file start.tsv (TSV, C-alpha atoms)
chain	number	residue	atom	x	y	z
A	1	MET	CA	-39.53	16.60	-31.30
A	2	ILE	CA	-35.99	16.00	-32.61
A	3	ARG	CA	-34.65	18.24	-29.87
A	4	LEU	CA	-36.43	16.14	-27.21
A	5	LEU	CA	-35.10	12.89	-28.70
A	6	LEU	CA	-31.57	14.31	-28.83
A	7	SER	CA	-31.84	15.38	-25.17
A	8	LEU	CA	-33.01	11.88	-24.15
A	9	LEU	CA	-30.22	10.27	-26.17
A	10	PHE	CA	-27.63	12.59	-24.64
A	11	GLY	CA	-28.96	11.87	-21.12
A	12	GLY	CA	-28.90	8.11	-21.75
A	13	VAL	CA	-25.33	8.10	-23.11
A	14	THR	CA	-24.15	10.25	-20.18
A	15	ALA	CA	-25.80	7.89	-17.66
A	16	LEU	CA	-24.17	4.87	-19.35
A	17	LEU	CA	-20.76	6.57	-19.36
A	18	LEU	CA	-21.06	7.48	-15.66
A	19	ALA	CA	-22.20	3.94	-14.77
A	20	PHE	CA	-19.20	2.52	-16.65
A	21	LEU	CA	-16.79	4.88	-14.84
A	22	GLN	CA	-18.31	4.06	-11.45
A	23	SER	CA	-18.19	0.29	-11.99
A	24	THR	CA	-14.57	0.31	-13.18
A	25	THR	CA	-13.14	2.70	-10.55
A	26	PRO	CA	-11.61	0.86	-7.56
A	27	SER	CA	-13.15	1.83	-4.23
A	28	TYR	CA	-11.35	4.09	-1.76
A	29	ALA	CA	-10.87	1.09	0.57
A	30	ILE	CA	-9.07	-0.83	-2.22
A	31	LEU	CA	-6.98	2.15	-3.33
A	32	THR	CA	-5.78	2.81	0.24
A	33	GLY	CA	-5.82	-0.83	1.44
A	34	PRO	CA	-2.96	-3.02	2.60
A	35	ILE	CA	0.09	-3.76	0.44
A	36	GLU	CA	-0.01	-7.54	0.50
A	37	THR	CA	2.87	-10.01	0.33
A	38	ALA	CA	1.99	-13.70	0.32
A	39	GLY	CA	4.16	-16.74	0.92
A	40	LEU	CA	4.37	-20.28	2.25
A	41	GLN	CA	5.16	-21.49	5.74
A	42	LYS	CA	8.48	-23.02	4.68
A	43	ASP	CA	9.79	-19.65	3.44
A	44	THR	CA	10.80	-16.39	5.06
A	45	VAL	CA	8.18	-13.98	3.74
A	46	SER	CA	9.41	-10.39	3.40
A	47	SER	CA	7.42	-7.22	2.85
A	48	ARG	CA	8.86	-3.72	2.50
A	49	THR	CA	8.68	-3.05	6.24
A	50	PHE	CA	9.05	-6.43	7.97
A	51	SER	CA	9.61	-10.14	7.41
A	52	VAL	CA	8.31	-13.29	9.07
A	53	LYS	CA	9.35	-16.94	9.32
A	54	VAL	CA	6.85	-19.34	10.87
A	55	ALA	CA	8.83	-21.78	13.03
A	56	LYS	CA	6.15	-24.00	14.50
A	57	VAL	CA	2.35	-24.38	14.63
A	58	LEU	CA	0.71	-26.20	17.55
A	59	ARG	CA	-2.92	-27.28	18.00
A	60	THR	CA	-4.30	-28.08	21.41
A	61	LYS	CA	-7.44	-28.15	23.55
A	62	THR	CA	-5.75	-26.78	26.68
A	63	ILE	CA	-3.16	-24.08	27.23
A	64	ALA	CA	-1.43	-23.30	30.52
A	65	PHE	CA	0.70	-20.36	31.55
A	66	ALA	CA	1.65	-18.52	34.72
A	67	PRO	CA	1.32	-14.73	34.56
A	68	TYR	CA	2.71	-13.10	37.72
A	69	GLY	CA	3.55	-16.54	39.14
A	70	LYS	CA	-0.07	-17.77	39.33
A	71	SER	CA	-0.83	-20.77	37.12
A	72	ILE	CA	-3.73	-20.43	34.68
A	73	GLU	CA	-5.25	-23.16	32.51
A	74	ARG	CA	-7.67	-22.42	29.68
A	75	GLN	CA	-9.76	-24.95	27.73
A	76	THR	CA	-11.71	-24.42	24.54
A	77	GLU	CA	-14.60	-26.06	22.70
A	78	GLY	CA	-12.77	-25.33	19.47
A	79	VAL	CA	-8.98	-25.48	19.29
A	80	TRP	CA	-6.15	-23.29	20.44
A	81	LEU	CA	-3.67	-22.55	17.71
A	82	ILE	CA	-0.23	-21.40	18.82
A	83	VAL	CA	1.95	-20.00	16.04
A	84	SER	CA	5.62	-19.57	16.87
A	85	VAL	CA	7.35	-17.01	14.62
A	86	GLU	CA	10.55	-15.08	14.03
A	87	LEU	CA	9.92	-11.48	12.97
A	88	GLN	CA	12.30	-8.81	11.77
A	89	SER	CA	11.75	-5.13	11.05
A	90	ASN	CA	13.57	-3.74	8.03
A	91	TYR	CA	13.81	0.00	8.76
A	92	ASP	CA	12.01	1.23	11.89
A	93	THR	CA	11.39	0.09	15.43
A	94	MET	CA	7.86	-1.31	15.28
A	95	THR	CA	5.36	-3.69	16.86
A	96	ILE	CA	3.09	-6.18	15.13
A	97	GLN	CA	-0.27	-5.49	16.76
A	98	ALA	CA	-2.52	-7.21	14.25
A	99	ALA	CA	-2.41	-10.95	13.72
A	100	ALA	CA	-5.23	-13.15	12.51
A	101	ILE	CA	-5.88	-16.61	11.12
A	102	GLU	CA	-7.99	-16.79	7.98
A	103	GLY	CA	-9.76	-20.14	8.36
A	104	ALA	CA	-11.13	-22.57	5.78
A	105	SER	CA	-14.42	-20.62	5.57
A	106	GLY	CA	-12.61	-17.35	4.87
A	107	ARG	CA	-13.47	-15.94	8.32
A	108	LEU	CA	-10.78	-14.04	10.19
A	109	TYR	CA	-9.93	-15.02	13.77
A	110	ARG	CA	-7.95	-12.38	15.64
A	111	GLN	CA	-5.66	-13.16	18.58
A	112	SER	CA	-7.51	-14.43	21.64
A	113	HIS	CA	-7.72	-12.13	24.65
A	114	ARG	CA	-8.25	-15.24	26.78
A	115	ALA	CA	-4.51	-15.80	26.47
A	116	ASP	CA	-3.55	-12.27	27.56
A	117	GLY	CA	-0.67	-12.37	29.99
A	118	ALA	CA	0.93	-15.46	28.42
A	119	PRO	CA	4.71	-15.11	28.09
A	120	ARG	CA	6.44	-14.41	24.76
A	121	LEU	CA	3.34	-12.93	23.09
A	122	MET	CA	4.54	-11.12	19.99
A	123	PRO	CA	2.37	-7.94	20.22
A	124	SER	CA	4.11	-6.99	23.47
A	125	LYS	CA	7.53	-7.02	21.81
A	126	ASP	CA	9.33	-4.22	19.98
A	127	LEU	CA	10.94	-5.26	16.70
A	128	GLN	CA	14.29	-3.53	16.34
A	129	PRO	CA	15.76	-3.24	12.80
A	130	GLY	CA	18.49	-5.82	12.24
A	131	LEU	CA	17.55	-7.94	15.26
A	132	PRO	CA	15.33	-11.00	14.64
A	133	THR	CA	12.74	-11.40	17.42
A	134	THR	CA	10.99	-14.65	18.30
A	135	GLY	CA	7.60	-15.00	19.96
A	136	ILE	CA	4.13	-16.51	19.66
A	137	PHE	CA	0.61	-15.62	18.55
A	138	ILE	CA	-2.34	-17.45	20.15
A	139	PHE	CA	-5.69	-17.94	18.40
A	140	GLU	CA	-8.91	-19.73	19.37
A	141	LEU	CA	-11.00	-21.03	16.48
A	142	PRO	CA	-13.51	-23.76	15.54
A	143	GLU	CA	-11.94	-27.09	14.66
A	144	GLY	CA	-13.42	-27.06	11.14
A	145	GLU	CA	-11.50	-23.91	10.26
A	146	THR	CA	-8.11	-25.58	10.74
A	147	SER	CA	-8.18	-27.58	7.48
A	148	ASP	CA	-6.99	-24.52	5.52
A	149	MET	CA	-5.33	-21.65	7.37
A	150	THR	CA	-3.48	-18.46	6.47
A	151	LEU	CA	-1.64	-16.32	9.02
A	152	VAL	CA	-2.26	-12.61	8.36
A	153	LEU	CA	0.12	-10.09	9.98
A	154	SER	CA	0.35	-6.31	9.91
A	155	ARG	CA	1.49	-3.42	12.08
A	156	GLN	CA	-2.11	-2.40	12.86
A	157	PRO	CA	-5.54	-3.90	12.12
A	158	SER	CA	-6.90	-2.95	8.68
A	159	PRO	CA	-3.66	-1.34	7.48
A	160	GLN	CA	-3.87	1.48	4.94
A	161	LEU	CA	-1.07	1.67	2.38
A	162	ASP	CA	1.07	-0.40	4.78
A	163	SER	CA	2.52	-3.89	4.57
A	164	GLU	CA	0.44	-6.97	5.26
A	165	ILE	CA	1.98	-10.44	5.12
A	166	ARG	CA	-0.10	-13.54	4.44
A	167	VAL	CA	1.54	-16.90	5.19
A	168	LYS	CA	-0.25	-20.04	4.02
A	169	LEU	CA	0.15	-22.57	6.85
A	170	ASP	CA	1.07	-26.12	5.97
A	171	GLY	CA	-1.62	-28.36	7.49
A	172	ALA	CA	0.69	-31.39	7.48
A	173	SER	CA	3.23	-29.67	9.73
A	174	VAL	CA	0.70	-28.65	12.42
A	175	GLU	CA	1.57	-30.53	15.62
A	176	THR	CA	-1.32	-31.65	17.85
A	177	ARG	CA	-0.92	-31.91	21.63
A	178	ASP	CA	-3.41	-32.53	24.47
A	179	ARG	CA	-2.05	-29.67	26.54
A	180	VAL	CA	0.51	-26.95	25.84
A	181	GLU	CA	2.39	-25.21	28.61
A	182	ILE	CA	3.63	-21.77	27.57
A	183	GLY	CA	6.77	-20.84	29.45
A	184	ALA	CA	9.40	-18.14	29.25
A	185	ASN	CA	11.32	-20.29	26.77
A	186	GLY	CA	8.36	-20.76	24.44
A	187	VAL	CA	6.25	-23.84	23.69
B	188	MET	CA	-39.40	31.75	-16.69
B	189	ALA	CA	-36.18	32.74	-14.92
B	190	SER	CA	-35.13	36.34	-15.18
B	191	ARG	CA	-31.98	37.37	-17.01
B	192	ARG	CA	-30.32	38.20	-13.67
B	193	GLU	CA	-31.13	34.73	-12.26
B	194	ARG	CA	-29.78	33.07	-15.38
B	195	ARG	CA	-26.54	35.06	-15.09
B	196	PHE	CA	-26.14	33.91	-11.46
B	197	TRP	CA	-26.83	30.31	-12.47
B	198	TRP	CA	-24.09	30.35	-15.12
B	199	ALA	CA	-21.69	32.15	-12.78
B	200	SER	CA	-22.31	29.48	-10.10
B	201	LEU	CA	-21.76	26.68	-12.63
B	202	ALA	CA	-18.56	28.30	-13.92
B	203	SER	CA	-17.21	28.77	-10.38
B	204	LEU	CA	-17.67	25.06	-9.48
B	205	PRO	CA	-14.41	23.82	-11.12
B	206	VAL	CA	-12.49	26.69	-9.51
B	207	LEU	CA	-13.94	25.95	-6.05
B	208	LEU	CA	-13.28	22.20	-6.43
B	209	ALA	CA	-9.68	22.85	-7.50
B	210	ALA	CA	-9.22	25.26	-4.56
B	211	ASN	CA	-10.62	22.64	-2.16
B	212	TYR	CA	-8.15	20.00	-3.44
B	213	ALA	CA	-5.27	22.49	-3.23
B	214	ILE	CA	-6.09	23.47	0.38
B	215	ASP	CA	-6.42	19.79	1.42
B	216	ALA	CA	-3.13	18.93	-0.30
B	217	TRP	CA	-1.40	21.88	1.39
B	218	ARG	CA	-2.68	20.77	4.84
B	219	ASN	CA	-1.57	17.17	4.20
B	220	ALA	CA	1.86	18.36	3.04
B	221	GLU	CA	2.18	20.56	6.13
B	222	ASP	CA	1.22	17.62	8.36
B	223	TYR	CA	3.76	15.34	6.62
B	224	VAL	CA	6.54	17.93	6.93
B	225	GLY	CA	5.69	18.47	10.62
B	226	ARG	CA	6.02	14.75	11.36
B	227	ASN	CA	9.14	13.87	9.38
B	228	GLU	CA	12.81	14.79	9.61
B	229	LEU	CA	13.50	15.68	5.99
B	230	ARG	CA	16.56	17.95	6.43
B	231	VAL	CA	19.25	16.63	8.74
B	232	SER	CA	22.36	18.68	9.51
B	233	GLY	CA	25.37	17.82	11.62
B	234	SER	CA	25.48	19.52	15.01
B	235	VAL	CA	27.98	22.39	15.18
B	236	ASP	CA	29.34	23.64	18.52
B	237	GLY	CA	27.64	26.87	19.55
B	238	GLN	CA	24.82	26.45	17.04
B	239	THR	CA	21.39	27.16	18.53
B	240	TYR	CA	18.64	24.66	17.77
B	241	ALA	CA	15.16	24.87	19.35
B	242	LYS	CA	16.39	27.82	21.48
B	243	ALA	CA	19.24	25.81	23.06
B	244	SER	CA	22.81	24.74	22.33
B	245	TRP	CA	23.31	20.97	22.27
B	246	THR	CA	26.28	18.68	22.84
B	247	LEU	CA	26.71	14.95	22.93
B	248	ASN	CA	27.55	14.38	26.61
B	249	GLN	CA	28.05	10.61	26.52
B	250	ALA	CA	27.58	7.59	24.25
B	251	ARG	CA	28.03	4.15	25.81
B	252	LEU	CA	28.05	0.76	24.13
B	253	ILE	CA	27.00	-2.06	26.45
B	254	GLY	CA	26.73	-5.73	25.70
B	255	ASP	CA	30.03	-6.70	24.09
B	256	GLY	CA	31.77	-7.10	27.47
B	257	ARG	CA	33.97	-3.99	27.21
B	258	ASP	CA	31.76	-1.59	29.22
B	259	GLY	CA	30.47	-3.02	32.49
B	260	LYS	CA	31.53	-6.55	31.46
B	261	ILE	CA	27.91	-7.26	30.48
B	262	THR	CA	27.40	-9.42	27.41
B	263	PHE	CA	24.16	-9.70	25.48
B	264	PRO	CA	23.24	-12.70	23.31
B	265	GLY	CA	24.08	-12.68	19.60
B	266	GLN	CA	24.03	-9.35	17.82
B	267	MET	CA	22.10	-7.48	20.53
B	268	ARG	CA	23.75	-4.37	21.99
B	269	LEU	CA	22.56	-1.55	24.25
B	270	VAL	CA	23.51	2.03	23.36
B	271	VAL	CA	23.07	4.76	25.97
B	272	VAL	CA	23.01	8.31	24.61
B	273	ARG	CA	23.20	11.40	26.81
B	274	LEU	CA	22.68	14.90	25.37
B	275	ALA	CA	23.44	18.12	27.25
B	276	ALA	CA	21.44	21.26	26.47
B	277	LYS	CA	21.87	24.87	27.54
B	278	ALA	CA	18.81	27.07	27.07
B	279	GLU	CA	19.90	30.16	25.15
B	280	ASP	CA	16.41	31.67	25.29
B	281	ASP	CA	13.04	31.01	26.90
B	282	VAL	CA	12.31	27.44	25.64
B	283	GLY	CA	8.55	27.54	26.36
B	284	GLN	CA	6.79	25.02	24.09
B	285	SER	CA	9.70	24.69	21.66
B	286	TRP	CA	10.65	21.20	22.87
B	287	THR	CA	7.22	19.56	22.58
B	288	GLN	CA	6.99	16.26	20.66
B	289	CYS	CA	10.69	15.64	21.21
B	290	SER	CA	12.18	12.87	19.09
B	291	LEU	CA	15.61	11.38	19.81
B	292	THR	CA	16.38	8.37	17.63
B	293	LEU	CA	19.39	6.49	16.33
B	294	THR	CA	19.93	6.17	12.59
B	295	ASP	CA	22.47	4.50	10.33
B	296	PRO	CA	23.51	5.10	6.70
B	297	LYS	CA	21.28	2.21	5.53
B	298	GLY	CA	18.22	4.28	6.48
B	299	ARG	CA	17.39	2.25	9.58
B	300	ARG	CA	15.97	4.05	12.61
B	301	TRP	CA	15.84	2.84	16.22
B	302	GLN	CA	13.37	4.31	18.71
B	303	PRO	CA	14.36	4.59	22.38
B	304	LEU	CA	13.24	2.03	24.96
B	305	ASN	CA	10.17	3.00	27.00
B	306	PHE	CA	10.89	4.86	30.24
B	307	ILE	CA	9.98	1.92	32.54
B	308	LEU	CA	12.48	-0.40	30.86
B	309	SER	CA	14.99	2.44	30.60
B	310	ASN	CA	14.78	3.18	34.35
B	311	ASP	CA	15.07	-0.54	35.19
B	312	LEU	CA	18.22	-0.77	33.07
B	313	SER	CA	19.65	2.38	34.70
B	314	ARG	CA	19.22	0.77	38.11
B	315	ASP	CA	20.79	-2.50	36.86
B	316	LEU	CA	23.79	-0.63	35.42
B	317	ASP	CA	24.33	1.58	38.47
B	318	PRO	CA	22.09	0.83	41.48
B	319	LYS	CA	23.23	4.00	43.31
B	320	ALA	CA	22.61	6.48	40.48
B	321	THR	CA	19.29	8.29	39.94
B	322	PRO	CA	17.94	7.53	36.44
B	323	ILE	CA	18.18	10.49	34.05
B	324	ASP	CA	14.96	11.57	32.34
B	325	GLY	CA	14.44	10.99	28.64
B	326	CYS	CA	13.66	13.44	25.89
B	327	ASP	CA	9.89	13.38	26.43
B	328	ALA	CA	10.03	14.02	30.20
B	329	ILE	CA	12.62	16.81	29.84
B	330	SER	CA	10.57	18.50	27.10
B	331	ARG	CA	7.69	18.95	29.59
B	332	GLN	CA	9.97	20.70	32.09
B	333	PRO	CA	12.62	22.50	30.04
B	334	PRO	CA	15.35	24.51	31.77
B	335	ALA	CA	15.01	28.28	32.30
B	336	LYS	CA	16.97	30.66	30.08
B	337	GLY	CA	20.69	30.25	30.78
B	338	ALA	CA	20.24	26.93	32.67
B	339	SER	CA	21.39	23.51	31.48
B	340	THR	CA	19.94	20.02	31.49
B	341	ILE	CA	20.83	16.46	30.48
B	342	MET	CA	18.60	13.90	28.80
B	343	GLU	CA	19.31	10.20	28.33
B	344	GLU	CA	17.81	7.55	26.08
B	345	LYS	CA	18.65	3.86	25.66
B	346	PHE	CA	18.46	1.87	22.44
B	347	VAL	CA	18.69	-1.80	21.49
B	348	VAL	CA	20.62	-2.13	18.23
B	349	PRO	CA	22.43	-4.86	16.25
B	350	ALA	CA	26.24	-5.02	16.64
B	351	ASP	CA	26.86	-4.49	12.91
B	352	ALA	CA	25.17	-1.05	13.03
B	353	VAL	CA	27.16	0.26	16.01
B	354	PRO	CA	30.17	1.84	14.19
B	355	SER	CA	27.97	4.00	11.93
B	356	LEU	CA	25.25	5.15	14.35
B	357	SER	CA	24.16	8.78	14.72
B	358	ALA	CA	21.76	10.27	17.26
B	359	GLN	CA	19.11	12.43	15.59
B	360	LEU	CA	17.17	15.11	17.49
B	361	SER	CA	14.09	17.08	16.45
B	362	PHE	CA	10.99	18.75	17.89
B	363	ALA	CA	7.57	19.66	16.51
B	364	SER	CA	8.75	23.29	16.34
B	365	THR	CA	11.83	22.45	14.25
B	366	ARG	CA	10.72	19.66	11.91
B	367	PRO	CA	11.42	19.01	9.07
B	368	ASP	CA	14.86	20.16	10.31
B	369	ALA	CA	16.80	17.82	12.62
B	370	ILE	CA	20.31	17.80	14.03
B	371	SER	CA	22.56	14.78	14.10
B	372	PHE	CA	25.41	13.68	16.40
B	373	PRO	CA	27.70	10.90	15.11
B	374	LEU	CA	28.32	8.56	18.06
B	375	ARG	CA	31.68	7.16	16.85
B	376	LEU	CA	31.32	3.95	18.86
B	377	ASN	CA	33.77	1.24	17.90
call {"tool": "encode", "arguments": {"input": "start.tsv", "output": "structure tokens"}}
result
Amino acid sequence: MIRLLLSLLFGGVTALLLAFLQSTTPSYAILTGPIETAGLQKDTVSSRTFSVKVAKVLRTKTIAFAPYGKSIERQTEGVWLIVSVELQSNYDTMTIQAAAIEGASGRLYRQSHRADGAPRLMPSKDLQPGLPTTGIFIFELPEGETSDMTLVLSRQPSPQLDSEIRVKLDGASVETRDRVEIGANGV
Amino acid sequence: MASRRERRFWWASLASLPVLLAANYAIDAWRNAEDYVGRNELRVSGSVDGQTYAKASWTLNQARLIGDGRDGKITFPGQMRLVVVRLAAKAEDDVGQSWTQCSLTLTDPKGRRWQPLNFILSNDLSRDLDPKATPIDGCDAISRQPPAKGASTIMEEKFVVPADAVPSLSAQLSFASTRPDAISFPLRLN
């Protein structure tokens, strides 16, 4: 009888210990997740691999651009958000392929493919160490999300043990226009 | 009731578990380390005349600095400069697959590394710089068609770099077959 009780006690303690270890061990996704650096729009935010300075944020209902000489106009039921940035790589030639806006609800809005072909898009540019590069990111999101926005940038989507920069956008500095024409010289 | 033999096997299996787990971790770690070493240039040595590297002897054929108005009278805005690097190689042996995954980059003492421009942009620039000349293939294209034993070839890559890095730049060459070893050619551009 005592032996049975001791076995049950031992089993119970072991189960509790294992449950404690499991609940306090960070998941693999957290252990190998992005290395985050956060900052404000007014500052240059620097991570180990690259830095970003947000120059201008525009909100509009209509964007226009002319890929290959043919004019294109795109409207939205939400809003277009055009973020003009200056990026710099610290050590290696790299591209910033992943950019998203985290809206007021916490949802992530990646760059819109409806604006593919627009000039000066940042993902098409190589960042060379020591040379600041300017360009734009274009997002399409519901109007309600624009009350609180964070720009999230990284080399690739869902980076693992790589830099991710989060820039809190200043709502008061967002410029609203009816229509934005995106040309070779920017917006 | 399990037999004595079964019980012995059971204990032997249990005892071997830590050993097998440790062996699994060690094999995984070894593979990861091998992969890391195969992708990174960890030992860089200066190129010496006559030294064979990846079954060929290598020399820096030409290094041009464009953008400050001295070569070609072209000026680029701000700090931007174009560096054109040409390497000559003479195959000392049958090259075969030795030049696959060719990497030719520029580095500086601050640890910065510049990758070459893509071949479309590189060819466009070649035509802009000299409309009559045929563009010279880059490292990747040459590595797919290496010269026969005793023959020579030239490869060219173009880089966009900041002006402040120019005086201390070195070209660094490596292949999958030679990494983690790489050879370096100081450009001495001033």
call {"tool": "closest_atom_pairs", "arguments": {"input": "start.tsv", "of": "chain A", "to": "chain B", "cutoff": "6 Å", "atoms": "all atoms listed in the file", "output": "Markdown table"}}
result
| residue | atom | partner | partner_atom | distance |
| --- | --- | --- | --- | --- |
| A:Tyr91 | CA | B:Arg299 | CA | 4.3 |
| A:Asp92 | CA | B:Arg300 | CA | 4.9 |
| A:Thr93 | CA | B:Trp301 | CA | 5.3 |
| A:Gly130 | CA | B:Pro349 | CA | 5.7 |
| A:Leu131 | CA | B:Pro349 | CA | 5.9 |
call {"tool": "closest_residue", "arguments": {"input": "start.tsv", "among": "B:Ile307, B:Cys289, B:Val353, B:Ala213", "to": "Arg331 of chain B", "atoms": "all atoms listed in the file"}}
result
B:Cys289
call {"tool": "atom_distance", "arguments": {"input": "start.tsv", "atom1": "atom CA of Pro318 of chain B", "atom2": "atom CA of Asp258 of chain B"}}
result
15.8 Å
call {"tool": "residues_around", "arguments": {"input": "start.tsv", "residues": "Pro333 of chain B", "least_positions_apart": "3", "cutoff": "8 Å", "atoms": "only C-alpha atoms", "output": "mmCIF file with C-alpha atoms, in the coordinates of the input"}}
result
data_model
loop_
_atom_site.group_PDB
_atom_site.id
_atom_site.type_symbol
_atom_site.label_atom_id
_atom_site.label_comp_id
_atom_site.auth_asym_id
_atom_site.auth_seq_id
_atom_site.Cartn_x
_atom_site.Cartn_y
_atom_site.Cartn_z
ATOM 1 C CA VAL B 282 12.310 27.440 25.640
ATOM 2 C CA GLY B 283 8.550 27.540 26.360
ATOM 3 C CA TRP B 286 10.650 21.200 22.870
ATOM 4 C CA ILE B 329 12.620 16.810 29.840
ATOM 5 C CA SER B 330 10.570 18.500 27.100
ATOM 6 C CA THR B 340 19.940 20.020 31.490
#
call {"tool": "closest_residue", "arguments": {"input": "start.tsv", "among": "B:Ser244, B:Asp236, B:Gly259, B:Leu374", "to": "Lys336 of chain B", "atoms": "only C-alpha atoms"}}
result
B:Ser244
call {"tool": "residues_around", "arguments": {"input": "start.tsv", "residues": "Asn310 of chain B", "least_positions_apart": "2", "cutoff": "9 Å", "atoms": "all atoms listed in the file", "output": "ChimeraX atom specification"}}
result
/B:305-308,312-315,321-324
call {"tool": "closest_residue", "arguments": {"input": "start.tsv", "among": "A:Ala172, A:Ala15, A:Leu40, A:Ile101", "to": "Trp80 of chain A", "atoms": "only C-alpha atoms"}}
result
A:Ile101
call {"tool": "atom_distance", "arguments": {"input": "start.tsv", "atom1": "atom CA of Ala320 of chain B", "atom2": "atom CA of Ile341 of chain B"}}
result
14.2 Å
call {"tool": "residues_around", "arguments": {"input": "start.tsv", "residues": "segment 160-162 of chain A", "least_positions_apart": "4", "cutoff": "7 Å", "atoms": "all atoms listed in the file", "output": "JSON, numbers by chain"}}
result
{"A": [32, 33, 34, 35]}
call {"tool": "closest_residue", "arguments": {"input": "start.tsv", "among": "A:Arg155, A:Lys53, A:Arg114, A:Arg120", "to": "Ile182 of chain A", "atoms": "all atoms listed in the file"}}
result
A:Arg120
call {"tool": "decode", "arguments": {"input": "start.tsv", "residues": "segment 1-19 of chain A", "atoms": "C-alpha atoms", "output": "short mmCIF file (atom, residue, chain, number, x, y, z; two decimals), in the first residue's frame"}}
result
data_model
loop_
_atom_site.label_atom_id
_atom_site.label_comp_id
_atom_site.auth_asym_id
_atom_site.auth_seq_id
_atom_site.Cartn_x
_atom_site.Cartn_y
_atom_site.Cartn_z
CA MET A 1 0.00 0.00 0.00
CA ILE A 2 2.77 2.44 0.98
CA ARG A 3 4.65 1.49 -2.17
CA LEU A 4 1.60 2.33 -4.31
CA LEU A 5 1.13 5.69 -2.56
CA LEU A 6 4.82 6.52 -3.01
CA SER A 7 4.58 5.66 -6.73
CA LEU A 8 1.52 7.92 -7.14
CA LEU A 9 3.24 10.73 -5.24
CA PHE A 10 6.39 10.36 -7.35
CA GLY A 11 4.32 10.37 -10.57
CA GLY A 12 2.39 13.47 -9.46
CA VAL A 13 5.52 15.43 -8.51
CA THR A 14 7.18 14.47 -11.82
CA ALA A 15 4.11 15.59 -13.80
CA LEU A 16 4.06 18.92 -11.92
CA LEU A 17 7.77 19.46 -12.51
CA LEU A 18 7.42 18.72 -16.24
CA ALA A 19 4.39 21.01 -16.52
#
